[in-house]
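Notes for the one structure printed next.
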Amino acid sequence: MKKLLLVCLVFALGFTVNAQIQTPAPSPFQKVEQVVGLTDVSLEYSRPAMRGRVIFGNLVPFGKVWRTGANSRTKITFGDDVMVGGATLKAGSYGILTIPQADSWDVIFYTDANGGGAPAELDEAKVAARVKAEVMEMPMDVQSFTITFDDLTSNSAVIGFLWEKSYVGVKFEVPTDKMVSAAIDKVMSGPGAGDYYSAAVYYLSEGKDIAKAKKWMDKAMSMSDSPAFWQLRQQSLIYAAAGDKKGAIEIAKKSLAAAEKAGNADYIKMNKESIAEWMQ
């Protein structure tokens with residue numbers, strides 16, 4: 001009898017391992033990506049279907065926390081800090097949990113975005129934002145649960161939840177104006193020390209106009225209160241390439257002193273070798 005059971009088990013495992021037939025998922029996974037203003041937003045969720053069932057108040061009970069989809073929690077990811085219902089959501093991922101009622105839903109942005117379902121009890125410490133949103137009746141049934149990004153503007157969008165004859169929308173705001181204004185201020189005020197430094201190092205490495213590289217590097221150093229030893233090293237190399245070995249040696253000595261203070265053996269060695277070379 002034991003041998004017969006063992007044989008049956010081996011055959012069953014063989015059928016399982018060798019199965020080639022794929023069937024559609026009852027609740028297909030969907031990932032939606034949307035740029036709102038300058039902010040990247042992505043949404044991951046699974047889409048159950050009505051299949052002749054009564055959804056809200058039955059399959060999805062009123063007054064209970066719902067994972068807002070099937071299979072696992074619906075997850076939304078914001079590339080920048082956003083505002084929802086007067087609360088700031090830091091850039092990152094959130095689970096979207098909902099508590100449906102006949103006339104309104106509580107839409108909850110939960111810091112724990114993982115998990116196969118809704119938590120048995122909400123941990124209020126993990127509730128990043130909570131919004132009460134009105135249920136609007138649709139003129140027809142939406143057969144598959146659907147989440148959309150609606151009413152897009154440069155500064156906001158609405159997350160729309162549709163299923164059966166219900167539509168619920170939750171607005172979020174993105175910091176487009178703040179980001180654009182900061183970029184404008186930076187450009188209008190001219191290049192920063194980092195911009196001049198990067199441009200100079202690029203010109204040096206690519207053998208381009210070394211006089212221009214020297215000018216940019218001097219500008220970068222003048223804008224820095226205490227240049228680092230690796231920055232001074234690049235400046236000395238540009239001076240040497242420009243034919244100013246005296247200036248290169250003076251700057252290399254500063255780089256050497258800063259490297260010795262930092263205990264960086266590589267830069268100590270490089271600076272000493274360069275100084276010896278340029279003094280010849």
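Going through the structure tokens in order, the chains are called A, B, and so on, while each chain numbers its residues from 1 and the ligands are numbered from 1 in the order shown.
The shell of residues at most 12 Å from A:Asn114, with only C-alpha atoms counted and near chain neighbours (fewer than 6 positions) removed, consists of A:Glu44, A:Tyr45, A:Arg67, A:Asn71, A:Ser72, A:Arg73, A:Thr74, A:Lys75, A:Ile76, A:Ser93, A:Tyr94, A:Gly95, A:Ile96, A:Leu97.
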Problem set entry | alpha helix (DSSP H) residues, from DSSP on the backbone, in stretch 38-275 of chain A, as a ChimeraX atom specification | /A:176-188,193-205,210-222,229-241,245-262,265-275
For this session: Please provide the set of residues having any atom within 8 Å of A:Ile251, restricted to only C-alpha atoms, with same-chain residues fewer than 4 positions apart removed, written as a PyMOL selection string.
Result: chain A and resi 232-233+235-236+247+255
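Atom pair atom CA of A:Ala262 / atom CA of A:Ser224 has a distance of 18.1 Å (rounded to one decimal).
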Taking only C-alpha atoms into account, produce a table as a Markdown table in which each residue of stretch 19-118 of chain A with an atom at most 7 Å from an atom of stretch 133-153 of chain A appears once, together with its shortest atom pair and the distance in Å to one decimal, ordered by chain and rising number.
| residue | atom | partner | partner_atom | distance |
| --- | --- | --- | --- | --- |
| A:Val36 | CA | A:Leu152 | CA | 6.8 |
| A:Gly37 | CA | A:Thr153 | CA | 6.9 |
| A:Arg47 | CA | A:Phe145 | CA | 5.0 |
| A:Pro48 | CA | A:Phe145 | CA | 5.7 |
| A:Ala49 | CA | A:Ser144 | CA | 4.3 |
| A:Met50 | CA | A:Gln143 | CA | 5.3 |
| A:Asp103 | CA | A:Val135 | CA | 5.2 |
| A:Ser104 | CA | A:Glu134 | CA | 4.4 |
| A:Trp105 | CA | A:Ala133 | CA | 5.3 |
| A:Asp106 | CA | A:Ala133 | CA | 6.4 |
Exercise. In Å to one decimal, how far is atom CA of A:Tyr110 from atom CA of A:Ser154?
Worked result: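 Value for the atom CA of A:Ser154-atom CA of A:Tyr110 distance: 25.4 Å.
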For this session: Name the residues of stretch 108-180 of chain A that fall into strand (DSSP E) according to DSSP on the backbone, using the chain letters and numbers of this document, as a ChimeraX atom specification.
Result: /A:108-110,127-150,156-173
Generate the output file for the selected residues, C-alpha atoms, as a compact mmCIF listing (two decimals), in the first residue's frame.
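What landed in again.txt:
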# COMPACT_ATOMS: atom_id res chain seq x y z
CA ILE A 108 -6.21 55.60 3.49
CA PHE A 109 -2.57 55.95 2.43
CA TYR A 110 -0.75 53.38 4.56
CA VAL A 127 -1.77 56.06 8.44
CA ALA A 128 0.05 58.77 6.46
CA ALA A 129 -3.15 60.36 5.13
CA ARG A 130 -6.88 59.66 5.32
CA VAL A 131 -9.46 61.25 3.04
CA LYS A 132 -13.24 60.92 2.97
CA ALA A 133 -14.46 60.90 -0.64
CA GLU A 134 -17.96 60.96 -2.08
CA VAL A 135 -19.33 58.02 -4.07
CA MET A 136 -20.67 59.09 -7.44
CA GLU A 137 -23.03 56.79 -9.31
CA MET A 138 -22.04 55.69 -12.80
CA PRO A 139 -24.69 55.26 -15.54
CA MET A 140 -23.43 51.73 -16.32
CA ASP A 141 -21.60 48.87 -14.66
CA VAL A 142 -17.80 48.88 -14.75
CA GLN A 143 -17.15 45.15 -14.90
CA SER A 144 -13.45 45.15 -13.88
CA PHE A 145 -12.13 47.07 -10.90
CA THR A 146 -10.23 50.03 -12.34
CA ILE A 147 -8.00 52.76 -10.92
CA THR A 148 -7.29 55.80 -13.09
CA PHE A 149 -5.41 59.09 -13.00
CA ASP A 150 -7.99 61.74 -13.86
CA SER A 156 -2.46 67.86 -9.37
CA ALA A 157 -4.37 64.76 -10.40
CA VAL A 158 -7.27 62.68 -9.13
CA ILE A 159 -6.96 58.99 -8.32
CA GLY A 160 -10.21 57.47 -9.55
CA PHE A 161 -11.62 54.17 -8.25
CA LEU A 162 -14.28 52.57 -10.48
CA TRP A 163 -16.23 49.34 -10.04
CA GLU A 164 -19.83 48.31 -10.45
CA LYS A 165 -21.72 51.63 -10.65
CA SER A 166 -19.43 53.51 -8.26
CA TYR A 167 -16.78 56.16 -8.88
CA VAL A 168 -14.68 57.62 -6.07
CA GLY A 169 -12.02 60.27 -6.66
CA VAL A 170 -9.19 61.46 -4.42
CA LYS A 171 -7.11 64.48 -5.40
CA PHE A 172 -3.37 64.79 -4.74
CA GLU A 173 -1.12 67.77 -5.36
For this session: Pick out the closest residue to A:Asp195 from this set: A:Val54, A:Val180, A:Leu256, A:Met223. Count only C-alpha atoms.
Result: A:Met223
Problem set entry | Residue neighbourhood A:Tyr203, 12 Å, only C-alpha atoms, exclusion window fewer than 5 positions, as an MDAnalysis selection string | chainID A and resid 196:198 208:217 234:235 237:238 241:242
Problem set entry | Nearest-residue call for A:Asn264, choices A:Tyr239, A:Pro28, A:Phe78, A:Ala228, using only C-alpha atoms |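 Among the listed residues, the smallest separation from A:Asn264 belongs to A:Ala228.
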Neighbouring residues of A:Lys272 were defined as those with any atom within 9 Å, considering only C-alpha atoms; residues of the same chain fewer than 4 positions away were excluded. Please report them as a PDB file with C-alpha atoms, in the first residue's frame.
ATOM      1  CA  ALA A 252      49.478  70.847  -5.453  1.00  0.00           C
ATOM      2  CA  LYS A 253      51.117  71.731  -2.133  1.00  0.00           C
ATOM      3  CA  LEU A 256      49.048  67.640  -0.425  1.00  0.00           C
ATOM      4  CA  TYR A 267      46.524  61.724  -3.046  1.00  0.00           C
ATOM      5  CA  ILE A 268      49.615  62.247  -0.908  1.00  0.00           C
ATOM      6  CA  ALA A 276      58.679  66.614  -8.127  1.00  0.00           C
ATOM      7  CA  GLU A 277      57.879  66.381 -11.855  1.00  0.00           C
TER       8      GLU A 277
END
Exercise. Of the candidates A:Gly86, A:Pro175, A:Gly207, A:Pro227, which one gets nearest to A:Ala193 if we count only C-alpha atoms?
Worked result: A:Pro227
Problem set entry | Counting only C-alpha atoms, the option among A:Lys64, A:Trp230, A:Ala265, A:Ala87 closest to A:Glu121 |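 Looking only at the distances to A:Glu121, the closest residue turns out to be A:Lys64.
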Exercise. A:Arg51, A:Lys269, A:Lys31, A:Lys90: which is nearest A:Thr111, counting only C-alpha atoms?
Worked result: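 Checking each candidate against A:Thr111, we get A:Lys90 as the closest.
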Exercise. Of the candidates A:Asp81, A:Glu33, A:Glu260, A:Glu250, which one gets nearest to A:Met279 if we count only C-alpha atoms?
Worked result: A:Glu250
For this session: Calculate how many Å separate atom CA of A:Asp177 from atom CA of A:Gly194, rounding to one decimal.
Result: 24.4 Å
